[in-house]
>>> print(open('my_file.pdb').read())   # PDB, C-alpha atoms
ATOM      1  CA  MET A   1      40.253 -33.973 -24.585
ATOM      2  CA  ARG A   2      38.534 -30.682 -24.238
ATOM      3  CA  GLY A   3      35.833 -31.135 -26.873
ATOM      4  CA  TRP A   4      34.218 -28.018 -28.337
ATOM      5  CA  LEU A   5      30.809 -29.344 -27.391
ATOM      6  CA  PRO A   6      30.320 -28.806 -24.618
ATOM      7  CA  ALA A   7      33.538 -27.561 -23.067
ATOM      8  CA  LEU A   8      34.932 -25.299 -25.770
ATOM      9  CA  SER A   9      31.735 -23.261 -25.559
ATOM     10  CA  ALA A  10      32.937 -22.190 -22.121
ATOM     11  CA  LEU A  11      36.296 -21.277 -23.623
ATOM     12  CA  ALA A  12      34.619 -19.265 -26.344
ATOM     13  CA  LEU A  13      32.635 -17.287 -23.812
ATOM     14  CA  ALA A  14      35.777 -16.645 -21.832
ATOM     15  CA  GLY A  15      37.612 -15.501 -24.927
ATOM     16  CA  CYS A  16      34.868 -13.048 -25.816
ATOM     17  CA  ALA A  17      35.115 -11.470 -22.396
ATOM     18  CA  ALA A  18      38.897 -11.411 -22.304
ATOM     19  CA  ASN A  19      41.481  -9.286 -24.031
ATOM     20  CA  PRO A  20      42.565 -10.774 -27.389
ATOM     21  CA  LYS A  21      46.003 -11.604 -25.988
ATOM     22  CA  VAL A  22      47.063 -15.097 -24.966
ATOM     23  CA  VAL A  23      45.151 -15.864 -21.787
ATOM     24  CA  TYR A  24      47.235 -18.835 -20.784
ATOM     25  CA  GLU A  25      50.419 -20.381 -22.089
ATOM     26  CA  GLU A  26      52.031 -23.102 -20.040
ATOM     27  CA  MET A  27      55.609 -23.222 -21.269
ATOM     28  CA  PRO A  28      57.409 -22.134 -24.436
ATOM     29  CA  ARG A  29      56.963 -24.923 -26.944
ATOM     30  CA  THR A  30      59.609 -23.829 -29.399
ATOM     31  CA  TYR A  31      61.979 -26.577 -28.262
ATOM     32  CA  ALA A  32      62.517 -29.306 -25.714
ATOM     33  CA  HIS A  33      63.867 -27.800 -22.497
ATOM     34  CA  GLY A  34      66.130 -29.940 -20.348
ATOM     35  CA  ILE A  35      64.811 -30.496 -16.833
ATOM     36  CA  GLY A  36      67.545 -32.849 -15.618
ATOM     37  CA  GLY A  37      67.845 -36.600 -15.479
ATOM     38  CA  ALA A  38      68.027 -37.101 -19.262
ATOM     39  CA  THR A  39      64.542 -35.592 -19.543
ATOM     40  CA  PHE A  40      63.262 -32.755 -21.717
ATOM     41  CA  LEU A  41      59.972 -30.884 -21.573
ATOM     42  CA  VAL A  42      57.994 -29.614 -24.550
ATOM     43  CA  GLY A  43      55.499 -27.314 -22.876
ATOM     44  CA  GLY A  44      51.884 -27.328 -23.948
ATOM     45  CA  SER A  45      49.796 -24.367 -25.001
ATOM     46  CA  PHE A  46      46.242 -23.122 -24.496
ATOM     47  CA  GLN A  47      45.336 -20.247 -26.805
ATOM     48  CA  PRO A  48      42.023 -18.353 -26.889
ATOM     49  CA  PHE A  49      39.426 -19.983 -29.185
ATOM     50  CA  SER A  50      41.689 -22.989 -29.577
ATOM     51  CA  GLN A  51      41.962 -26.456 -28.145
ATOM     52  CA  PRO A  52      45.020 -27.079 -25.944
ATOM     53  CA  ASP A  53      48.139 -29.162 -26.328
ATOM     54  CA  GLY A  54      49.234 -31.058 -23.253
ATOM     55  CA  ASN A  55      52.790 -31.121 -21.993
ATOM     56  CA  SER A  56      55.069 -33.645 -23.677
ATOM     57  CA  LEU A  57      58.331 -35.075 -22.398
ATOM     58  CA  ILE A  58      61.291 -36.712 -24.078
ATOM     59  CA  LEU A  59      63.317 -39.145 -21.983
ATOM     60  CA  TYR A  60      66.225 -41.299 -23.022
ATOM     61  CA  GLY A  61      67.989 -44.377 -21.797
ATOM     62  CA  PRO A  62      70.628 -46.843 -22.973
ATOM     63  CA  GLU A  63      68.430 -48.113 -25.812
ATOM     64  CA  GLY A  64      67.102 -44.847 -27.247
ATOM     65  CA  ALA A  65      64.595 -42.104 -26.566
ATOM     66  CA  PHE A  66      60.874 -42.170 -25.845
ATOM     67  CA  VAL A  67      58.104 -39.591 -25.721
ATOM     68  CA  ILE A  68      55.415 -39.146 -23.088
ATOM     69  CA  ASP A  69      52.287 -37.704 -24.756
ATOM     70  CA  THR A  70      52.323 -36.232 -28.243
ATOM     71  CA  GLY A  71      50.004 -33.211 -28.193
ATOM     72  CA  ARG A  72      47.325 -32.176 -30.661
ATOM     73  CA  HIS A  73      48.637 -29.540 -33.095
ATOM     74  CA  SER A  74      51.288 -29.869 -35.794
ATOM     75  CA  GLU A  75      53.333 -27.070 -34.194
ATOM     76  CA  HIS A  76      53.572 -29.047 -30.965
ATOM     77  CA  LEU A  77      54.606 -32.224 -32.767
ATOM     78  CA  ALA A  78      57.240 -30.250 -34.692
ATOM     79  CA  SER A  79      58.702 -29.156 -31.340
ATOM     80  CA  ILE A  80      58.865 -32.773 -30.215
ATOM     81  CA  LYS A  81      60.680 -33.726 -33.418
ATOM     82  CA  ARG A  82      63.135 -30.852 -32.989
ATOM     83  CA  GLY A  83      63.746 -32.006 -29.443
ATOM     84  CA  LEU A  84      64.467 -35.543 -30.604
ATOM     85  CA  SER A  85      66.783 -34.207 -33.297
ATOM     86  CA  GLY A  86      68.526 -32.022 -30.751
ATOM     87  CA  ILE A  87      69.489 -34.969 -28.551
ATOM     88  CA  GLY A  88      70.350 -37.061 -31.600
ATOM     89  CA  MET A  89      68.435 -40.159 -30.560
ATOM     90  CA  THR A  90      65.836 -42.268 -32.334
ATOM     91  CA  PRO A  91      62.580 -42.701 -30.408
ATOM     92  CA  VAL A  92      61.635 -46.285 -29.662
ATOM     93  CA  ALA A  93      58.451 -45.742 -27.648
ATOM     94  CA  ILE A  94      55.535 -43.454 -26.799
ATOM     95  CA  ILE A  95      53.805 -43.506 -23.429
ATOM     96  CA  ASN A  96      50.317 -42.002 -23.356
ATOM     97  CA  THR A  97      49.083 -40.920 -19.945
ATOM     98  CA  HIS A  98      45.465 -41.015 -21.182
ATOM     99  CA  TRP A  99      43.371 -40.824 -24.342
ATOM    100  CA  HIS A 100      42.425 -37.122 -24.460
ATOM    101  CA  LEU A 101      43.216 -35.827 -27.933
ATOM    102  CA  ASP A 102      45.579 -33.133 -26.695
ATOM    103  CA  HIS A 103      47.857 -35.969 -25.522
ATOM    104  CA  VAL A 104      47.587 -38.600 -28.276
ATOM    105  CA  SER A 105      46.910 -36.864 -31.600
ATOM    106  CA  GLY A 106      50.590 -36.823 -32.562
ATOM    107  CA  ASN A 107      50.905 -40.609 -32.228
ATOM    108  CA  PRO A 108      50.126 -41.609 -35.851
ATOM    109  CA  GLU A 109      52.525 -39.126 -37.426
ATOM    110  CA  LEU A 110      55.317 -39.930 -34.982
ATOM    111  CA  LYS A 111      54.826 -43.655 -35.610
ATOM    112  CA  ALA A 112      54.895 -43.047 -39.366
ATOM    113  CA  ALA A 113      58.183 -41.169 -39.033
ATOM    114  CA  PHE A 114      59.682 -43.842 -36.754
ATOM    115  CA  PRO A 115      58.065 -47.199 -37.648
ATOM    116  CA  GLU A 116      59.744 -49.114 -34.810
ATOM    117  CA  ILE A 117      57.993 -47.074 -32.127
ATOM    118  CA  LYS A 118      55.773 -48.973 -29.685
ATOM    119  CA  VAL A 119      52.956 -47.174 -27.867
ATOM    120  CA  TYR A 120      52.427 -47.961 -24.173
ATOM    121  CA  ALA A 121      49.033 -46.972 -22.762
ATOM    122  CA  THR A 122      45.925 -48.310 -21.097
ATOM    123  CA  SER A 123      43.104 -49.867 -23.084
ATOM    124  CA  ALA A 124      40.694 -47.084 -22.040
ATOM    125  CA  ILE A 125      40.894 -45.629 -25.555
ATOM    126  CA  ASP A 126      38.625 -48.462 -26.740
ATOM    127  CA  GLY A 127      35.713 -47.375 -24.569
ATOM    128  CA  ALA A 128      36.374 -43.716 -25.321
ATOM    129  CA  LEU A 129      36.185 -44.279 -29.086
ATOM    130  CA  ALA A 130      32.828 -45.986 -28.697
ATOM    131  CA  THR A 131      31.317 -43.399 -26.350
ATOM    132  CA  PHE A 132      32.850 -40.024 -25.487
ATOM    133  CA  LEU A 133      34.784 -39.526 -28.716
ATOM    134  CA  ALA A 134      31.912 -40.814 -30.854
ATOM    135  CA  ARG A 135      29.540 -38.336 -29.200
ATOM    136  CA  THR A 136      32.079 -35.559 -29.643
ATOM    137  CA  ALA A 137      32.437 -36.315 -33.354
ATOM    138  CA  GLU A 138      28.666 -36.308 -33.759
ATOM    139  CA  ALA A 139      28.408 -32.946 -32.022
ATOM    140  CA  TYR A 140      31.198 -31.529 -34.166
ATOM    141  CA  ARG A 141      29.541 -32.647 -37.397
ATOM    142  CA  LYS A 142      26.232 -31.131 -36.328
ATOM    143  CA  ALA A 143      27.951 -27.860 -35.408
ATOM    144  CA  ILE A 144      29.562 -27.727 -38.846
ATOM    145  CA  ALA A 145      26.255 -28.471 -40.558
ATOM    146  CA  ASP A 146      24.515 -25.780 -38.518
ATOM    147  CA  ASN A 147      27.367 -23.299 -39.035
ATOM    148  CA  ASN A 148      27.524 -23.011 -35.250
ATOM    149  CA  ILE A 149      31.250 -22.862 -34.572
ATOM    150  CA  PRO A 150      33.129 -20.295 -32.459
ATOM    151  CA  VAL A 151      35.355 -17.930 -34.409
ATOM    152  CA  GLY A 152      38.732 -19.529 -35.104
ATOM    153  CA  ALA A 153      37.698 -23.002 -33.898
ATOM    154  CA  ARG A 154      37.002 -24.717 -37.219
ATOM    155  CA  ALA A 155      40.553 -25.898 -37.881
ATOM    156  CA  ASP A 156      40.734 -27.536 -34.461
ATOM    157  CA  ILE A 157      37.339 -29.174 -34.932
ATOM    158  CA  GLU A 158      38.304 -30.573 -38.322
ATOM    159  CA  GLY A 159      41.621 -31.773 -36.914
ATOM    160  CA  ASP A 160      39.913 -33.576 -34.049
ATOM    161  CA  LEU A 161      37.409 -35.174 -36.424
ATOM    162  CA  ALA A 162      40.272 -36.485 -38.554
ATOM    163  CA  THR A 163      42.004 -37.900 -35.473
ATOM    164  CA  ILE A 164      38.846 -39.606 -34.201
ATOM    165  CA  ALA A 165      38.219 -41.075 -37.671
ATOM    166  CA  ARG A 166      41.546 -42.875 -37.466
ATOM    167  CA  GLY A 167      40.979 -43.945 -33.899
ATOM    168  CA  ALA A 168      42.413 -47.425 -34.461
ATOM    169  CA  ASP A 169      45.800 -45.755 -34.921
ATOM    170  CA  LEU A 170      45.584 -44.396 -31.372
ATOM    171  CA  ARG A 171      45.365 -47.829 -29.738
ATOM    172  CA  PRO A 172      48.438 -48.976 -27.793
ATOM    173  CA  ASP A 173      50.846 -51.657 -28.933
ATOM    174  CA  VAL A 174      51.551 -52.552 -25.309
ATOM    175  CA  ILE A 175      48.558 -52.385 -22.957
ATOM    176  CA  VAL A 176      49.271 -51.304 -19.385
ATOM    177  CA  ASP A 177      46.026 -51.645 -17.445
ATOM    178  CA  GLU A 178      47.583 -52.328 -14.044
ATOM    179  CA  SER A 179      50.539 -50.723 -12.297
ATOM    180  CA  ARG A 180      53.887 -52.299 -13.089
ATOM    181  CA  ASP A 181      57.593 -51.584 -13.013
ATOM    182  CA  MET A 182      59.347 -51.880 -16.337
ATOM    183  CA  ALA A 183      62.248 -50.567 -18.389
ATOM    184  CA  ILE A 184      61.535 -48.489 -21.487
ATOM    185  CA  ALA A 185      64.500 -47.829 -23.750
ATOM    186  CA  GLY A 186      66.502 -49.492 -20.972
ATOM    187  CA  ARG A 187      65.389 -46.874 -18.441
ATOM    188  CA  PRO A 188      63.690 -48.195 -15.273
ATOM    189  CA  LEU A 189      60.324 -46.608 -14.523
ATOM    190  CA  SER A 190      57.256 -47.340 -12.465
ATOM    191  CA  LEU A 191      54.061 -47.088 -14.510
ATOM    192  CA  ARG A 192      51.146 -46.418 -12.178
ATOM    193  CA  VAL A 193      47.519 -46.848 -13.240
ATOM    194  CA  ALA A 194      44.814 -44.728 -11.621
ATOM    195  CA  HIS A 195      41.354 -46.226 -12.075
ATOM    196  CA  ARG A 196      38.394 -43.912 -12.747
ATOM    197  CA  ALA A 197      40.139 -40.623 -12.229
ATOM    198  CA  VAL A 198      40.536 -38.197 -15.172
ATOM    199  CA  THR A 199      39.446 -41.057 -17.448
ATOM    200  CA  GLU A 200      38.537 -44.692 -16.933
ATOM    201  CA  ARG A 201      42.226 -45.500 -16.540
ATOM    202  CA  ASP A 202      45.041 -42.960 -16.335
ATOM    203  CA  LEU A 203      48.709 -43.813 -16.559
ATOM    204  CA  TRP A 204      51.213 -41.800 -14.565
ATOM    205  CA  ILE A 205      54.921 -42.403 -14.346
ATOM    206  CA  TYR A 206      57.193 -42.390 -11.333
ATOM    207  CA  ASP A 207      60.886 -41.979 -12.085
ATOM    208  CA  ALA A 208      62.477 -43.067  -8.820
ATOM    209  CA  ALA A 209      65.987 -42.022  -9.837
ATOM    210  CA  GLU A 210      64.794 -38.424 -10.200
ATOM    211  CA  LYS A 211      62.046 -38.553  -7.540
ATOM    212  CA  ARG A 212      59.812 -37.214 -10.308
ATOM    213  CA  ALA A 213      56.147 -37.988 -10.991
ATOM    214  CA  ILE A 214      54.878 -37.354 -14.516
ATOM    215  CA  VAL A 215      51.173 -37.295 -13.875
ATOM    216  CA  GLY A 216      49.347 -36.302 -17.057
ATOM    217  CA  ASP A 217      46.034 -34.599 -16.426
ATOM    218  CA  LEU A 218      45.913 -35.571 -12.766
ATOM    219  CA  VAL A 219      47.295 -32.036 -12.429
ATOM    220  CA  THR A 220      46.275 -29.295 -14.866
ATOM    221  CA  VAL A 221      46.112 -25.521 -14.949
ATOM    222  CA  PRO A 222      44.427 -23.098 -15.345
ATOM    223  CA  VAL A 223      41.644 -25.461 -14.195
ATOM    224  CA  PRO A 224      41.150 -29.194 -13.620
ATOM    225  CA  PHE A 225      39.721 -30.656 -16.842
ATOM    226  CA  LEU A 226      36.771 -32.721 -15.650
ATOM    227  CA  ASP A 227      35.102 -33.584 -18.979
ATOM    228  CA  SER A 228      35.470 -37.371 -18.581
ATOM    229  CA  ALA A 229      36.356 -37.564 -14.891
ATOM    230  CA  CYS A 230      35.296 -39.266 -11.697
ATOM    231  CA  PRO A 231      36.165 -36.628  -9.069
ATOM    232  CA  GLU A 232      36.426 -39.088  -6.185
ATOM    233  CA  GLY A 233      38.713 -41.416  -8.132
ATOM    234  CA  TRP A 234      40.812 -38.398  -9.079
ATOM    235  CA  LEU A 235      41.198 -37.434  -5.416
ATOM    236  CA  LYS A 236      42.331 -40.978  -4.618
ATOM    237  CA  ALA A 237      44.897 -40.842  -7.417
ATOM    238  CA  LEU A 238      46.299 -37.579  -6.053
ATOM    239  CA  ASP A 239      46.779 -39.279  -2.681
ATOM    240  CA  GLU A 240      48.760 -41.990  -4.458
ATOM    241  CA  VAL A 241      50.995 -39.389  -6.096
ATOM    242  CA  THR A 242      51.572 -37.812  -2.676
ATOM    243  CA  ALA A 243      52.559 -41.198  -1.243
ATOM    244  CA  SER A 244      54.916 -42.040  -4.118
ATOM    245  CA  GLY A 245      57.943 -40.214  -2.742
ATOM    246  CA  ALA A 246      57.998 -37.738  -5.624
ATOM    247  CA  GLU A 247      59.637 -34.395  -4.953
ATOM    248  CA  GLN A 248      58.830 -32.951  -8.380
ATOM    249  CA  ILE A 249      55.525 -33.150 -10.259
ATOM    250  CA  VAL A 250      55.208 -32.680 -14.016
ATOM    251  CA  PRO A 251      51.569 -31.818 -14.830
ATOM    252  CA  GLY A 252      49.683 -32.610 -17.993
ATOM    253  CA  HIS A 253      49.163 -28.866 -18.449
ATOM    254  CA  GLY A 254      51.185 -26.203 -16.708
ATOM    255  CA  PRO A 255      54.617 -25.623 -15.187
ATOM    256  CA  ILE A 256      56.579 -28.153 -13.172
ATOM    257  CA  MET A 257      55.706 -28.139  -9.461
ATOM    258  CA  ASP A 258      57.672 -28.905  -6.352
ATOM    259  CA  LEU A 259      56.023 -30.840  -3.556
ATOM    260  CA  ALA A 260      54.710 -27.717  -1.794
ATOM    261  CA  GLU A 261      53.176 -26.369  -5.007
ATOM    262  CA  PHE A 262      51.600 -29.731  -5.726
ATOM    263  CA  GLY A 263      50.147 -29.712  -2.223
ATOM    264  CA  ALA A 264      48.646 -26.272  -2.826
ATOM    265  CA  TRP A 265      47.129 -27.393  -6.127
ATOM    266  CA  LYS A 266      45.743 -30.557  -4.546
ATOM    267  CA  SER A 267      44.204 -28.553  -1.697
ATOM    268  CA  ALA A 268      42.523 -26.157  -4.140
ATOM    269  CA  PHE A 269      41.205 -29.093  -6.166
ATOM    270  CA  THR A 270      39.887 -30.889  -3.080
ATOM    271  CA  ASP A 271      38.089 -27.739  -1.932
ATOM    272  CA  PHE A 272      36.590 -27.171  -5.391
ATOM    273  CA  ILE A 273      35.175 -30.696  -5.580
ATOM    274  CA  ALA A 274      33.747 -30.444  -2.049
ATOM    275  CA  CYS A 275      32.169 -27.076  -2.831
ATOM    276  CA  ALA A 276      30.646 -28.303  -6.100
ATOM    277  CA  ARG A 277      29.195 -31.300  -4.260
ATOM    278  CA  GLY A 278      27.615 -28.963  -1.699
ATOM    279  CA  PRO A 279      24.606 -26.633  -1.803
ATOM    280  CA  GLY A 280      26.333 -23.269  -2.183
ATOM    281  CA  ALA A 281      26.550 -21.069  -5.257
ATOM    282  CA  LEU A 282      28.841 -22.432  -7.974
ATOM    283  CA  GLU A 283      30.254 -18.944  -8.371
ATOM    284  CA  THR A 284      31.601 -19.346  -4.830
ATOM    285  CA  CYS A 285      33.264 -22.623  -5.824
ATOM    286  CA  SER A 286      34.803 -20.916  -8.833
ATOM    287  CA  ALA A 287      36.062 -18.031  -6.701
ATOM    288  CA  GLY A 288      37.653 -20.514  -4.323
ATOM    289  CA  TRP A 289      39.498 -22.188  -7.166
ATOM    290  CA  LEU A 290      40.640 -18.847  -8.585
ATOM    291  CA  LYS A 291      42.058 -17.921  -5.184
ATOM    292  CA  GLY A 292      43.679 -21.281  -4.480
ATOM    293  CA  ALA A 293      45.232 -21.588  -7.937
ATOM    294  CA  ALA A 294      45.972 -17.878  -8.459
ATOM    295  CA  ARG A 295      49.707 -18.455  -8.889
ATOM    296  CA  TRP A 296      49.038 -20.480 -12.057
ATOM    297  CA  ILE A 297      46.178 -18.495 -13.545
ATOM    298  CA  GLY A 298      47.544 -14.971 -13.767
ATOM    299  CA  PRO A 299      45.661 -11.671 -13.707
ATOM    300  CA  ASP A 300      43.113 -12.481 -16.440
ATOM    301  CA  THR A 301      40.790 -14.977 -14.761
ATOM    302  CA  SER A 302      37.861 -14.894 -17.200
ATOM    303  CA  ARG A 303      38.634 -18.198 -18.897
ATOM    304  CA  ALA A 304      39.261 -20.070 -15.647
ATOM    305  CA  GLU A 305      36.130 -18.598 -14.106
ATOM    306  CA  ALA A 306      33.905 -19.671 -17.014
ATOM    307  CA  MET A 307      35.379 -23.154 -17.073
ATOM    308  CA  THR A 308      35.135 -23.795 -13.332
ATOM    309  CA  VAL A 309      31.484 -22.736 -13.253
ATOM    310  CA  TYR A 310      30.841 -25.100 -16.164
ATOM    311  CA  TYR A 311      32.683 -27.980 -14.484
ATOM    312  CA  GLY A 312      30.943 -27.250 -11.208
ATOM    313  CA  GLU A 313      27.638 -27.702 -13.014
ATOM    314  CA  LEU A 314      28.811 -31.048 -14.389
ATOM    315  CA  ILE A 315      29.653 -32.231 -10.880
ATOM    316  CA  ARG A 316      26.498 -30.955  -9.204
ATOM    317  CA  SER A 317      24.157 -32.231 -11.892
ATOM    318  CA  GLY A 318      25.437 -35.787 -11.505
ATOM    319  CA  LYS A 319      26.549 -35.925 -15.148
ATOM    320  CA  LEU A 320      29.975 -37.186 -14.098
ATOM    321  CA  ASP A 321      28.642 -39.924 -11.823
ATOM    322  CA  GLY A 322      28.608 -42.469 -14.623
ATOM    323  CA  TYR A 323      32.368 -42.193 -14.929
ATOM    324  CA  CYS A 324      32.638 -43.495 -11.347
ATOM    325  CA  SER A 325      30.658 -46.668 -12.073
ATOM    326  CA  ALA A 326      32.442 -49.996 -12.146
TER     327      ALA A 326
END
>>> encode(input="my_file.pdb", output="structure tokens")
Amino acid sequence: MRGWLPALSALALAGCAANPKVVYEEMPRTYAHGIGGATFLVGGSFQPFSQPDGNSLILYGPEGAFVIDTGRHSEHLASIKRGLSGIGMTPVAIINTHWHLDHVSGNPELKAAFPEIKVYATSAIDGALATFLARTAEAYRKAIADNNIPVGARADIEGDLATIARGADLRPDVIVDESRDMAIAGRPLSLRVAHRAVTERDLWIYDAAEKRAIVGDLVTVPVPFLDSACPEGWLKALDEVTASGAEQIVPGHGPIMDLAEFGAWKSAFTDFIACARGPGALETCSAGWLKGAARWIGPDTSRAEAMTVYYGELIRSGKLDGYCSA
């Protein structure tokens, strides 16, 4: 979850410096786009002065359909519902890759529309509600009271506050805290748990039949979102994705990658973490990321530059070290 305080402040600065056009849009989210293997992608979005939606996927098997991640905004959830309607199948499950609000906020409404749905996720949401999300809500309320909100951000802030307030509705029905193979809607999948990576526990999915890894925020563009991350655990998780046998990677934010593209992203990420851990200027680390990930960022780099400098400061200051503690 990219919270406005502190991370959206970096986005606001980037938006002020940039043209008022869309700086980054991952995929069209007007509908669910077939990507083969009875799988459809609803691409996320990242607009200026707005919080993002993560990518969502719809998969189906012999016993119905299921959704991986449900986004943040009502427009994104509407695209998921249109996708489900388009394939004419009732969803029986949701899999959440992690608890960031741009991946789970659609859960309550989707469960209300389809009461038989079961949510599969790790239990990390419990700790997040008591710590990270509680601090975020406090910061949001103070920003509202102080009238200190970036232009255009209020609706997102109020939406996130409403989601956090009903945090119990985000908890999974089926807890998956360790890697396991299982069938969902009759479709065999391998659910892999990465410990202390993007969050305390991240769930990524390997679909062996398609040689496809659906990795949530273990891969994101235009930058890696490090708000609640342990960088070293994240690097370990990327090694596990590499070793999985996947030939196609579906990120939490951004376009689908083949193995070579994933390798390029992983290399850029590894270099960024190493640079931020070192003594050099953080602007150099940012420039390295912008070069290594240029194919996904596009010509307007202001947002990515502001965010990578900010995340570099988080790494170098030691503020992320607590997320690596057992």
>>> closest_residue(input="my_file.pdb", among="A:Ile256, A:Val241, A:Ile80, A:Val215", to="Leu110 in chain A", atoms="only C-alpha atoms")
A:Ile80
>>> closest_residue(input="my_file.pdb", among="A:Gly88, A:Gly252, A:Pro224, A:Gly263", to="Glu305 in chain A", atoms="all atoms listed in the file")
A:Pro224
>>> resolve_selection(input="my_file.pdb", expression="the PyMOL selection byres ((chain A and resi 317-326) around 7)", output="ChimeraX atom specification")
/A:196,200,228-230,313-316
>>> resolve_selection(input="my_file.pdb", expression="the PyMOL selection byres ((chain A and resi 40) around 10)", output="number ranges by chain")
A: 31-39, 41-43, 56-60, 67, 80, 83-84, 87
>>> closest_residue(input="my_file.pdb", among="A:Lys266, A:Arg171, A:Arg187, A:His100", to="Gly61 in chain A", atoms="all atoms listed in the file")
A:Arg187
>>> residues_around(input="my_file.pdb", residues="Lys118 in chain A", least_positions_apart="4", cutoff="12 Å", atoms="all atoms listed in the file", output="mmCIF file with C-alpha atoms, keeping the file's coordinate frame")
data_model
loop_
_atom_site.group_PDB
_atom_site.id
_atom_site.type_symbol
_atom_site.label_atom_id
_atom_site.label_comp_id
_atom_site.auth_asym_id
_atom_site.auth_seq_id
_atom_site.Cartn_x
_atom_site.Cartn_y
_atom_site.Cartn_z
ATOM 1 C CA ALA A 65 64.595 -42.104 -26.566
ATOM 2 C CA PHE A 66 60.874 -42.170 -25.845
ATOM 3 C CA VAL A 67 58.104 -39.591 -25.721
ATOM 4 C CA ILE A 68 55.415 -39.146 -23.088
ATOM 5 C CA PRO A 91 62.580 -42.701 -30.408
ATOM 6 C CA VAL A 92 61.635 -46.285 -29.662
ATOM 7 C CA ALA A 93 58.451 -45.742 -27.648
ATOM 8 C CA ILE A 94 55.535 -43.454 -26.799
ATOM 9 C CA ILE A 95 53.805 -43.506 -23.429
ATOM 10 C CA ASN A 96 50.317 -42.002 -23.356
ATOM 11 C CA ASN A 107 50.905 -40.609 -32.228
ATOM 12 C CA PRO A 108 50.126 -41.609 -35.851
ATOM 13 C CA LEU A 110 55.317 -39.930 -34.982
ATOM 14 C CA LYS A 111 54.826 -43.655 -35.610
ATOM 15 C CA ALA A 112 54.895 -43.047 -39.366
ATOM 16 C CA PHE A 114 59.682 -43.842 -36.754
ATOM 17 C CA ASP A 169 45.800 -45.755 -34.921
ATOM 18 C CA LEU A 170 45.584 -44.396 -31.372
ATOM 19 C CA ARG A 171 45.365 -47.829 -29.738
ATOM 20 C CA PRO A 172 48.438 -48.976 -27.793
ATOM 21 C CA ASP A 173 50.846 -51.657 -28.933
ATOM 22 C CA VAL A 174 51.551 -52.552 -25.309
ATOM 23 C CA ILE A 175 48.558 -52.385 -22.957
ATOM 24 C CA ILE A 184 61.535 -48.489 -21.487
ATOM 25 C CA ALA A 185 64.500 -47.829 -23.750
#
>>> resolve_selection(input="my_file.pdb", expression="the PyMOL selection byres ((chain A and resi 193) around 6)", output="MDAnalysis selection string")
chainID A and resid 178:179 192 194 202:203
>>> atom_distance(input="my_file.pdb", atom1="CA of Ser267 in chain A", atom2="CA of Asp69 in chain A")
26.1 Å
